[in-house]
>>> print(open('upload.pdb').read())   # PDB, C-alpha atoms
MODEL        1
ATOM      1  CA  MET A  16      85.077  86.105 128.523
ATOM      2  CA  GLU A  17      84.323  82.400 129.121
ATOM      3  CA  VAL A  18      86.260  79.684 127.313
ATOM      4  CA  ASN A  19      83.189  78.625 125.348
ATOM      5  CA  GLU A  20      82.649  82.205 124.142
ATOM      6  CA  VAL A  21      86.246  82.330 122.939
ATOM      7  CA  PHE A  22      85.691  79.005 121.189
ATOM      8  CA  GLU A  23      82.642  80.342 119.336
ATOM      9  CA  LYS A  24      84.579  83.377 118.143
ATOM     10  CA  VAL A  25      87.498  81.208 117.078
ATOM     11  CA  LYS A  26      85.148  78.877 115.241
ATOM     12  CA  ASN A  27      83.603  81.791 113.365
ATOM     13  CA  LEU A  28      87.031  83.032 112.309
ATOM     14  CA  PHE A  29      87.964  79.596 110.981
ATOM     15  CA  VAL A  30      84.735  79.395 109.033
ATOM     16  CA  ASP A  31      84.794  82.984 107.731
ATOM     17  CA  GLU A  32      88.530  83.455 107.096
ATOM     18  CA  LEU A  33      89.487  80.000 105.891
ATOM     19  CA  GLY A  34      86.216  78.557 104.653
ATOM     20  CA  ILE A  35      86.407  75.513 106.925
ATOM     21  CA  ASP A  36      83.225  73.493 107.621
ATOM     22  CA  ALA A  37      81.804  74.562 110.982
ATOM     23  CA  GLU A  38      81.198  70.991 112.177
ATOM     24  CA  LYS A  39      84.877  70.130 111.722
ATOM     25  CA  VAL A  40      85.945  72.844 114.179
ATOM     26  CA  THR A  41      86.024  71.121 117.574
ATOM     27  CA  MET A  42      88.305  71.726 120.559
ATOM     28  CA  GLU A  43      90.156  68.485 119.725
ATOM     29  CA  ALA A  44      90.619  69.173 116.004
ATOM     30  CA  LYS A  45      94.256  69.302 114.896
ATOM     31  CA  LEU A  46      94.970  72.406 112.806
ATOM     32  CA  GLU A  47      97.147  70.798 110.162
ATOM     33  CA  GLU A  48      95.890  67.210 110.051
ATOM     34  CA  ASP A  49      92.155  67.594 110.678
ATOM     35  CA  LEU A  50      91.485  71.071 109.314
ATOM     36  CA  ASP A  51      94.109  71.024 106.556
ATOM     37  CA  ILE A  52      95.458  74.470 107.461
ATOM     38  CA  ASP A  53      98.912  75.212 106.036
ATOM     39  CA  SER A  54     101.498  77.399 107.755
ATOM     40  CA  LEU A  55     100.270  80.504 105.933
ATOM     41  CA  GLY A  56      96.733  79.630 106.989
ATOM     42  CA  ILE A  57      97.835  79.590 110.620
ATOM     43  CA  VAL A  58      99.339  83.045 110.092
ATOM     44  CA  GLU A  59      96.040  84.256 108.638
ATOM     45  CA  VAL A  60      94.149  82.944 111.644
ATOM     46  CA  VAL A  61      96.624  84.522 114.065
ATOM     47  CA  MET A  62      96.305  87.886 112.317
ATOM     48  CA  ALA A  63      92.530  87.587 112.457
ATOM     49  CA  PHE A  64      92.732  86.715 116.200
ATOM     50  CA  GLU A  65      94.897  89.758 116.809
ATOM     51  CA  ASP A  66      92.397  92.039 115.095
ATOM     52  CA  GLU A  67      89.305  90.442 116.666
ATOM     53  CA  PHE A  68      90.605  90.290 120.239
ATOM     54  CA  GLU A  69      92.921  93.346 120.041
ATOM     55  CA  ILE A  70      95.893  91.422 121.385
ATOM     56  CA  GLU A  71      99.392  90.649 120.158
ATOM     57  CA  ILE A  72     100.564  87.082 119.894
ATOM     58  CA  ASP A  73     104.295  86.327 119.860
ATOM     59  CA  ASP A  74     105.530  83.722 117.430
ATOM     60  CA  GLU A  75     107.055  81.764 120.363
ATOM     61  CA  GLU A  76     103.628  81.355 121.931
ATOM     62  CA  LEU A  77     102.423  79.592 118.823
ATOM     63  CA  THR A  78     104.971  76.790 118.833
ATOM     64  CA  ASP A  79     102.872  74.679 121.227
ATOM     65  CA  VAL A  80      99.579  75.320 119.470
ATOM     66  CA  GLY A  81      98.554  72.306 117.427
ATOM     67  CA  THR A  82      94.817  72.019 118.098
ATOM     68  CA  VAL A  83      91.851  74.357 118.132
ATOM     69  CA  GLY A  84      91.584  73.839 121.914
ATOM     70  CA  GLN A  85      95.179  74.912 122.479
ATOM     71  CA  ALA A  86      94.558  78.055 120.407
ATOM     72  CA  VAL A  87      91.388  78.793 122.396
ATOM     73  CA  ASN A  88      93.211  78.356 125.713
ATOM     74  CA  LEU A  89      96.078  80.610 124.587
ATOM     75  CA  LEU A  90      93.632  83.336 123.590
ATOM     76  CA  HIS A  91      91.594  82.902 126.770
ATOM     77  CA  SER A  92      94.739  83.336 128.870
ATOM     78  CA  LYS A  93      95.474  86.644 127.117
ATOM     79  CA  LEU A  94      92.072  88.273 127.574
TER
ATOM     80  CA  MET B  29      86.597  98.172  90.321
ATOM     81  CA  LYS B  30      89.779  97.269  92.151
ATOM     82  CA  THR B  31      91.791  99.761  94.166
ATOM     83  CA  ALA B  32      95.442 100.506  93.456
ATOM     84  CA  LEU B  33      97.937 102.384  95.599
ATOM     85  CA  VAL B  34     100.951 103.919  93.898
ATOM     86  CA  THR B  35     103.593 105.261  96.269
ATOM     87  CA  GLY B  36     105.511 108.227  94.908
ATOM     88  CA  GLY B  37     102.611 108.748  92.507
ATOM     89  CA  SER B  38     102.833 112.504  92.128
ATOM     90  CA  ARG B  39     105.758 112.690  89.743
ATOM     91  CA  GLY B  40     107.791 110.920  87.091
ATOM     92  CA  ILE B  41     107.267 107.196  86.643
ATOM     93  CA  GLY B  42     104.751 107.021  89.502
ATOM     94  CA  LYS B  43     102.547 109.660  87.899
ATOM     95  CA  ALA B  44     102.438 107.747  84.608
ATOM     96  CA  ILE B  45     101.656 104.515  86.505
ATOM     97  CA  ALA B  46      98.806 106.166  88.428
ATOM     98  CA  GLN B  47      97.324 107.585  85.224
ATOM     99  CA  LYS B  48      97.586 104.261  83.401
ATOM    100  CA  LEU B  49      96.109 102.173  86.244
ATOM    101  CA  ALA B  50      93.228 104.647  86.509
ATOM    102  CA  GLU B  51      91.944 103.337  83.166
ATOM    103  CA  THR B  52      90.885 100.123  84.936
ATOM    104  CA  SER B  53      91.097 100.767  88.720
ATOM    105  CA  ASN B  54      90.426 103.253  91.459
ATOM    106  CA  VAL B  55      93.773 104.855  92.237
ATOM    107  CA  ALA B  56      95.242 106.246  95.442
ATOM    108  CA  VAL B  57      98.052 108.590  94.446
ATOM    109  CA  GLY B  58     100.574 108.422  97.294
ATOM    110  CA  TYR B  59     102.820 111.419  97.901
ATOM    111  CA  SER B  60     105.221 112.393 100.669
ATOM    112  CA  ASN B  61     105.795 116.126 100.120
ATOM    113  CA  SER B  62     104.455 117.054  96.687
ATOM    114  CA  LYS B  63     100.801 117.438  97.600
ATOM    115  CA  GLU B  64     100.036 119.949  94.861
ATOM    116  CA  GLN B  65     101.481 117.719  92.179
ATOM    117  CA  ALA B  66      99.552 114.721  93.554
ATOM    118  CA  VAL B  67      96.326 116.719  93.382
ATOM    119  CA  GLU B  68      97.149 117.622  89.769
ATOM    120  CA  VAL B  69      97.538 113.922  88.968
ATOM    121  CA  VAL B  70      94.170 113.225  90.626
ATOM    122  CA  ASN B  71      92.570 116.044  88.633
ATOM    123  CA  SER B  72      93.998 114.721  85.367
ATOM    124  CA  ILE B  73      92.616 111.252  86.166
ATOM    125  CA  GLN B  74      89.183 112.627  87.017
ATOM    126  CA  ALA B  75      89.171 114.725  83.845
ATOM    127  CA  SER B  76      89.589 111.466  81.887
ATOM    128  CA  GLY B  77      86.676 109.875  83.734
ATOM    129  CA  GLY B  78      88.697 107.926  86.291
ATOM    130  CA  ASN B  79      88.404 107.765  90.059
ATOM    131  CA  ALA B  80      91.370 108.795  92.214
ATOM    132  CA  ILE B  81      92.347 110.346  95.525
ATOM    133  CA  ALA B  82      95.595 111.884  96.742
ATOM    134  CA  VAL B  83      96.910 110.435  99.987
ATOM    135  CA  GLN B  84      99.980 111.312 101.993
ATOM    136  CA  ILE B  85     102.310 108.419 102.749
ATOM    137  CA  ASP B  86     105.789 108.676 104.210
ATOM    138  CA  VAL B  87     107.103 105.161 103.577
ATOM    139  CA  THR B  88     109.757 105.594 106.283
ATOM    140  CA  ASP B  89     107.091 105.981 108.977
ATOM    141  CA  ASN B  90     104.821 103.101 110.040
ATOM    142  CA  GLN B  91     102.189 105.462 111.451
ATOM    143  CA  SER B  92     101.994 107.363 108.194
ATOM    144  CA  VAL B  93     101.660 104.083 106.286
ATOM    145  CA  GLU B  94      98.836 102.969 108.596
ATOM    146  CA  LYS B  95      97.044 106.308 108.242
ATOM    147  CA  CYS B  96      97.306 106.118 104.472
ATOM    148  CA  PHE B  97      95.781 102.633 104.320
ATOM    149  CA  GLU B  98      92.973 103.562 106.684
ATOM    150  CA  LEU B  99      92.090 106.522 104.480
ATOM    151  CA  VAL B 100      92.212 104.481 101.269
ATOM    152  CA  GLU B 101      90.085 101.740 102.860
ATOM    153  CA  LYS B 102      87.534 104.358 103.925
ATOM    154  CA  GLU B 103      87.431 106.361 100.688
ATOM    155  CA  LEU B 104      87.909 103.574  98.126
ATOM    156  CA  SER B 105      88.368  99.989  99.338
ATOM    157  CA  SER B 106      91.014  97.578 100.560
ATOM    158  CA  VAL B 107      94.233  97.925  98.493
ATOM    159  CA  GLU B 108      94.298  95.085  95.965
ATOM    160  CA  ILE B 109      97.060  96.452  93.744
ATOM    161  CA  LEU B 110     100.225  97.949  95.206
ATOM    162  CA  VAL B 111     102.989  99.620  93.243
ATOM    163  CA  ASN B 112     106.087 100.228  95.353
ATOM    164  CA  ASN B 113     107.444 103.151  93.414
ATOM    165  CA  ALA B 114     108.539 105.707  96.031
ATOM    166  CA  GLY B 115     112.284 106.099  95.888
ATOM    167  CA  ILE B 116     115.140 108.507  96.377
ATOM    168  CA  THR B 117     118.766 108.798  95.301
ATOM    169  CA  LYS B 118     121.722 110.187  97.231
ATOM    170  CA  ASP B 119     124.585 109.517  94.891
ATOM    171  CA  ASN B 120     128.264 109.527  95.728
ATOM    172  CA  ILE B 121     131.252 107.481  94.704
ATOM    173  CA  PHE B 122     131.465 104.551  97.118
ATOM    174  CA  PRO B 123     134.685 105.501  98.992
ATOM    175  CA  ARG B 124     133.084 108.861  99.833
ATOM    176  CA  LEU B 125     129.532 107.668 100.549
ATOM    177  CA  LYS B 126     128.330 108.790 103.975
ATOM    178  CA  GLN B 127     126.493 106.297 106.121
ATOM    179  CA  ASP B 128     123.584 108.732 106.536
ATOM    180  CA  ASP B 129     123.105 108.666 102.769
ATOM    181  CA  TRP B 130     123.344 104.883 102.757
ATOM    182  CA  ASP B 131     120.805 104.603 105.569
ATOM    183  CA  SER B 132     118.230 107.010 104.162
ATOM    184  CA  VAL B 133     118.224 105.441 100.696
ATOM    185  CA  ILE B 134     117.879 101.911 102.116
ATOM    186  CA  ASP B 135     115.201 103.070 104.566
ATOM    187  CA  THR B 136     113.083 104.695 101.862
ATOM    188  CA  ASN B 137     113.549 102.407  98.876
ATOM    189  CA  LEU B 138     113.903  98.985 100.489
ATOM    190  CA  THR B 139     112.513  99.178 104.024
ATOM    191  CA  GLY B 140     109.764 101.476 102.746
ATOM    192  CA  SER B 141     108.676  98.763 100.308
ATOM    193  CA  PHE B 142     108.705  96.278 103.188
ATOM    194  CA  ARG B 143     106.489  98.481 105.376
ATOM    195  CA  VAL B 144     103.941  99.226 102.692
ATOM    196  CA  SER B 145     103.857  95.690 101.285
ATOM    197  CA  GLN B 146     103.374  94.101 104.701
ATOM    198  CA  ARG B 147     100.436  96.391 105.398
ATOM    199  CA  ALA B 148      98.913  95.753 101.981
ATOM    200  CA  ILE B 149      99.306  91.975 102.256
ATOM    201  CA  LYS B 150      96.801  91.863 105.130
ATOM    202  CA  GLY B 151      93.904  92.822 102.890
ATOM    203  CA  MET B 152      95.194  90.835  99.924
ATOM    204  CA  MET B 153      95.317  87.638 102.029
ATOM    205  CA  LYS B 154      91.757  88.258 103.120
ATOM    206  CA  ASN B 155      90.609  88.878  99.553
ATOM    207  CA  LYS B 156      92.678  85.972  98.214
ATOM    208  CA  TRP B 157      93.808  88.185  95.356
ATOM    209  CA  GLY B 158      96.588  90.716  95.063
ATOM    210  CA  ARG B 159      99.150  92.291  92.781
ATOM    211  CA  ILE B 160     102.387  93.812  94.009
ATOM    212  CA  VAL B 161     104.821  95.467  91.624
ATOM    213  CA  PHE B 162     108.190  96.739  92.792
ATOM    214  CA  ILE B 163     109.793  99.479  90.750
ATOM    215  CA  SER B 164     113.447  98.529  91.031
ATOM    216  CA  SER B 165     116.148  99.627  88.583
ATOM    217  CA  VAL B 166     118.701  98.216  86.177
ATOM    218  CA  ALA B 167     121.153  99.549  88.786
ATOM    219  CA  GLY B 168     119.863  96.793  91.088
ATOM    220  CA  ILE B 169     120.825  94.175  88.497
ATOM    221  CA  SER B 170     124.057  95.584  87.081
ATOM    222  CA  GLY B 171     125.188  98.134  89.667
ATOM    223  CA  ASN B 172     125.867 101.724  88.688
ATOM    224  CA  THR B 173     128.813 103.980  89.361
ATOM    225  CA  GLY B 174     128.047 106.447  92.151
ATOM    226  CA  GLN B 175     124.930 104.573  93.233
ATOM    227  CA  SER B 176     126.045 101.826  95.615
ATOM    228  CA  ASN B 177     123.302 102.699  98.105
ATOM    229  CA  TYR B 178     120.611 102.995  95.444
ATOM    230  CA  ALA B 179     121.732  99.825  93.636
ATOM    231  CA  ALA B 180     121.801  97.864  96.908
ATOM    232  CA  SER B 181     118.311  99.067  97.811
ATOM    233  CA  LYS B 182     116.983  98.155  94.368
ATOM    234  CA  ALA B 183     118.650  94.719  94.451
ATOM    235  CA  GLY B 184     117.123  94.179  97.894
ATOM    236  CA  MET B 185     113.673  94.818  96.465
ATOM    237  CA  ILE B 186     114.213  91.908  94.089
ATOM    238  CA  GLY B 187     114.866  89.466  96.950
ATOM    239  CA  LEU B 188     111.849  90.785  98.818
ATOM    240  CA  ALA B 189     109.564  90.507  95.794
ATOM    241  CA  LYS B 190     110.701  86.974  94.975
ATOM    242  CA  THR B 191     110.165  85.784  98.550
ATOM    243  CA  ILE B 192     106.687  87.319  98.746
ATOM    244  CA  SER B 193     105.854  85.534  95.490
ATOM    245  CA  LYS B 194     106.771  82.176  97.046
ATOM    246  CA  GLU B 195     105.014  82.730 100.356
ATOM    247  CA  LEU B 196     101.760  84.113  98.965
ATOM    248  CA  GLY B 197     101.307  82.522  95.565
ATOM    249  CA  SER B 198      98.789  80.094  97.055
ATOM    250  CA  ARG B 199      96.543  83.080  97.815
ATOM    251  CA  ASN B 200      96.559  84.379  94.215
ATOM    252  CA  ILE B 201      98.935  87.172  95.148
ATOM    253  CA  THR B 202     101.631  87.853  92.583
ATOM    254  CA  SER B 203     104.752  89.880  93.238
ATOM    255  CA  ASN B 204     106.955  91.081  90.405
ATOM    256  CA  VAL B 205     109.726  93.560  89.743
ATOM    257  CA  ILE B 206     110.217  96.045  86.962
ATOM    258  CA  ALA B 207     113.740  97.313  86.427
ATOM    259  CA  PRO B 208     113.600 100.568  84.476
ATOM    260  CA  GLY B 209     116.645 101.712  82.565
ATOM    261  CA  TYR B 210     117.197 105.380  81.726
ATOM    262  CA  ILE B 211     113.804 107.037  81.935
ATOM    263  CA  ASP B 212     113.252 110.730  81.293
ATOM    264  CA  THR B 213     112.211 112.022  84.775
ATOM    265  CA  ASP B 214     113.372 114.507  87.421
ATOM    266  CA  MET B 215     115.633 111.754  88.743
ATOM    267  CA  THR B 216     117.654 111.715  85.505
ATOM    268  CA  SER B 217     117.322 115.426  84.655
ATOM    269  CA  PHE B 218     120.835 116.179  85.904
ATOM    270  CA  LEU B 219     122.325 114.388  82.876
ATOM    271  CA  ASN B 220     123.682 116.763  80.225
ATOM    272  CA  ASP B 221     123.112 116.273  76.482
ATOM    273  CA  GLU B 222     126.464 114.602  75.980
ATOM    274  CA  GLN B 223     125.771 112.085  78.770
ATOM    275  CA  LYS B 224     122.341 111.406  77.300
ATOM    276  CA  GLU B 225     123.880 110.720  73.867
ATOM    277  CA  ASP B 226     126.365 108.337  75.528
ATOM    278  CA  ILE B 227     123.514 106.455  77.175
ATOM    279  CA  ILE B 228     121.451 106.247  74.008
ATOM    280  CA  GLY B 229     124.502 104.812  72.270
ATOM    281  CA  GLN B 230     124.333 101.790  74.622
ATOM    282  CA  LEU B 231     120.677 101.079  73.870
ATOM    283  CA  SER B 232     119.081  98.918  71.186
ATOM    284  CA  ILE B 233     116.062 101.234  71.008
ATOM    285  CA  LYS B 234     117.680 104.583  70.238
ATOM    286  CA  ARG B 235     115.858 106.824  72.673
ATOM    287  CA  VAL B 236     115.654 107.476  76.398
ATOM    288  CA  GLY B 237     112.688 105.732  78.025
ATOM    289  CA  LYS B 238     109.421 107.464  78.825
ATOM    290  CA  PRO B 239     107.513 106.984  82.100
ATOM    291  CA  GLU B 240     104.688 105.509  79.983
ATOM    292  CA  ASP B 241     106.995 102.675  78.887
ATOM    293  CA  ILE B 242     107.122 101.565  82.524
ATOM    294  CA  ALA B 243     103.438 102.250  83.177
ATOM    295  CA  ASN B 244     102.368  99.921  80.359
ATOM    296  CA  MET B 245     104.300  97.029  81.904
ATOM    297  CA  VAL B 246     102.940  97.785  85.379
ATOM    298  CA  SER B 247      99.417  97.799  83.989
ATOM    299  CA  PHE B 248      99.859  94.319  82.522
ATOM    300  CA  LEU B 249     101.409  92.906  85.706
ATOM    301  CA  CYS B 250      98.471  94.271  87.727
ATOM    302  CA  SER B 251      95.821  92.735  85.495
ATOM    303  CA  ASP B 252      94.025  89.388  85.712
ATOM    304  CA  GLU B 253      95.821  88.336  82.517
ATOM    305  CA  SER B 254      99.163  88.157  84.349
ATOM    306  CA  GLU B 255      97.984  85.679  87.006
ATOM    307  CA  TYR B 256     100.589  83.026  86.060
ATOM    308  CA  ILE B 257     103.546  85.438  86.220
ATOM    309  CA  THR B 258     105.176  85.908  89.610
ATOM    310  CA  GLY B 259     108.555  86.357  91.241
ATOM    311  CA  GLN B 260     110.093  87.733  88.061
ATOM    312  CA  VAL B 261     112.242  90.724  87.178
ATOM    313  CA  PHE B 262     111.426  92.594  83.983
ATOM    314  CA  PRO B 263     113.950  95.112  82.701
ATOM    315  CA  VAL B 264     112.233  97.843  80.691
ATOM    316  CA  ASP B 265     115.311  99.547  79.402
ATOM    317  CA  GLY B 266     115.419  99.751  75.625
ATOM    318  CA  GLY B 267     117.822  96.819  75.510
ATOM    319  CA  LEU B 268     120.437  98.186  77.908
ATOM    320  CA  THR B 269     120.900  94.942  79.875
ATOM    321  CA  THR B 270     120.644  92.341  77.106
TER
ENDMDL
END
>>> encode(input="upload.pdb", output="structure tokens")
Amino acid sequence: MEVNEVFEKVKNLFVDELGIDAEKVTMEAKLEEDLDIDSLGIVEVVMAFEDEFEIEIDDEELTDVGTVGQAVNLLHSKL
Amino acid sequence: MKTALVTGGSRGIGKAIAQKLAETSNVAVGYSNSKEQAVEVVNSIQASGGNAIAVQIDVTDNQSVEKCFELVEKELSSVEILVNNAGITKDNIFPRLKQDDWDSVIDTNLTGSFRVSQRAIKGMMKNKWGRIVFISSVAGISGNTGQSNYAASKAGMIGLAKTISKELGSRNITSNVIAPGYIDTDMTSFLNDEQKEDIIGQLSIKRVGKPEDIANMVSFLCSDESEYITGQVFPVDGGLTT
């Protein structure tokens, strides 16, 4: 899967799971500051990623994820 | 209609809870071994116009928990109301308590609640609505002679319930605990008449509790009306712990 395909899927999850405006979801957007996602929201997104992509994400891998782009790259590296 | 799962729903307090919740919800009656009794509960619910299924769930086994949820999701819907009621006792005076009996009671009552709640939370977070009720015990608040393992497991449920209430309140998920006192079920059937009289003597309401006394409280805590109540422990014990 190409990075831009992963991004589209990620964007859909943000919109569907968390009700975030689609235009706000860019590769540069910061999860907490720009998208206003709290720590539980990040957990919800991770669980949705795991179901959608059939992967497991360790909590340690998440410590460096602060933007949508970083999340997309992490997922892309696991597929 | 919302869907409720009651673990240990084939007998005793769980049976009364399943029957009560069926007045307003679809109910999955969880059982581990007593399939026939679970089917009887389902039949009684259907005879009163309710909708229920019997589903096997061994709360000590993650695979069994997963299978149960998949079946309930297929037959009814995502679990929106969970009652952690499945529990066992293996009583012995503490100096003589075997570790196996400690382990199995903790694994069923406490870790079992963890397994089932964690699975149920997934759907509740998605739906942004959920009700979890833990059936603890006054033994978890006050301790009880001969029940160190049971009391510890029931006290542990309180910490679990309170933490879930803090983590998930923002998603309209409430998590509360009911602490039954002496309730007339198989679990208390070993008491002789003299012991029962002794117990009643300690109560403000001069009778042993009925499973329905617990079910009524569960029903309220699972309703929309209780949305501002979370992280609390409610003894339903005829005044035993006042």
>>> resolve_selection(input="upload.pdb", expression="the ChimeraX specification (/B :<8) & /A", output="count of residues only")
3
>>> closest_residue(input="upload.pdb", among="A:Leu28, A:Ile70, A:Ile35, A:Val87", to="Ile52 in chain A", atoms="all atoms listed in the file")
A:Ile35
>>> closest_residue(input="upload.pdb", among="A:Thr82, A:Glu75, A:Leu50, A:Glu43", to="Val30 in chain A", atoms="only C-alpha atoms")
A:Leu50
>>> atom_distance(input="upload.pdb", atom1="CA of Lys224 in chain B", atom2="CA of Asn177 in chain B")
22.6 Å
>>> resolve_selection(input="upload.pdb", expression="the PyMOL selection byres ((chain A and resi 62) around 12)", output="PyMOL selection string")
(chain A and resi 28-29+32+55-61+63-74) or (chain B and resi 147+149-151+153-154)
>>> residues_around(input="upload.pdb", residues="Gly115 in chain B", least_positions_apart="4", cutoff="8 Å", atoms="all atoms listed in the file", output="list in words")
Gly36, Val133, Thr136 and Asn137 of chain B
>>> residues_near_point(input="upload.pdb", point="(93.5, 100.7, 90.0)", cutoff="7 Å", atoms="all atoms listed in the file", output="list in words")
Lys30, Thr31, Ala32, Leu49, Ala50, Thr52, Ser53, Asn54, Val55 and Ile109 of chain B
>>> atom_distance(input="upload.pdb", atom1="CA of Ser145 in chain B", atom2="CA of Val111 in chain B")
9.0 Å
>>> resolve_selection(input="upload.pdb", expression="the PyMOL selection byres ((chain A and resi 81) around 12)", output="ChimeraX atom specification")
/A:42-54,57,76-80,82-89
>>> residues_around(input="upload.pdb", residues="Gln84 in chain B", least_positions_apart="5", cutoff="12 Å", atoms="all atoms listed in the file", output="VMD selection string")
chain B and resid 33 to 38 56 to 67 89 91 to 100 114
>>> write_last_selection(input="upload.pdb", atoms="C-alpha atoms", output="short mmCIF file (atom, residue, chain, number, x, y, z; two decimals), keeping the file's coordinate frame")
data_model
loop_
_atom_site.label_atom_id
_atom_site.label_comp_id
_atom_site.auth_asym_id
_atom_site.auth_seq_id
_atom_site.Cartn_x
_atom_site.Cartn_y
_atom_site.Cartn_z
CA LEU B 33 97.94 102.38 95.60
CA VAL B 34 100.95 103.92 93.90
CA THR B 35 103.59 105.26 96.27
CA GLY B 36 105.51 108.23 94.91
CA GLY B 37 102.61 108.75 92.51
CA SER B 38 102.83 112.50 92.13
CA ALA B 56 95.24 106.25 95.44
CA VAL B 57 98.05 108.59 94.45
CA GLY B 58 100.57 108.42 97.29
CA TYR B 59 102.82 111.42 97.90
CA SER B 60 105.22 112.39 100.67
CA ASN B 61 105.80 116.13 100.12
CA SER B 62 104.46 117.05 96.69
CA LYS B 63 100.80 117.44 97.60
CA GLU B 64 100.04 119.95 94.86
CA GLN B 65 101.48 117.72 92.18
CA ALA B 66 99.55 114.72 93.55
CA VAL B 67 96.33 116.72 93.38
CA ASP B 89 107.09 105.98 108.98
CA GLN B 91 102.19 105.46 111.45
CA SER B 92 101.99 107.36 108.19
CA VAL B 93 101.66 104.08 106.29
CA GLU B 94 98.84 102.97 108.60
CA LYS B 95 97.04 106.31 108.24
CA CYS B 96 97.31 106.12 104.47
CA PHE B 97 95.78 102.63 104.32
CA GLU B 98 92.97 103.56 106.68
CA LEU B 99 92.09 106.52 104.48
CA VAL B 100 92.21 104.48 101.27
CA ALA B 114 108.54 105.71 96.03
#
>>> atom_distance(input="upload.pdb", atom1="CA of Ala243 in chain B", atom2="CA of Ser105 in chain B")
22.2 Å
>>> residues_near_point(input="upload.pdb", point="(111.4, 90.3, 88.0)", cutoff="10 Å", atoms="all atoms listed in the file", output="list in words")
Val161, Phe162, Ile163, Ser164, Met185, Ile186, Gly187, Ala189, Lys190, Ser203, Asn204, Val205, Ile206, Ala207, Ile257, Thr258, Gly259, Gln260, Val261, Phe262 and Pro263 of chain B
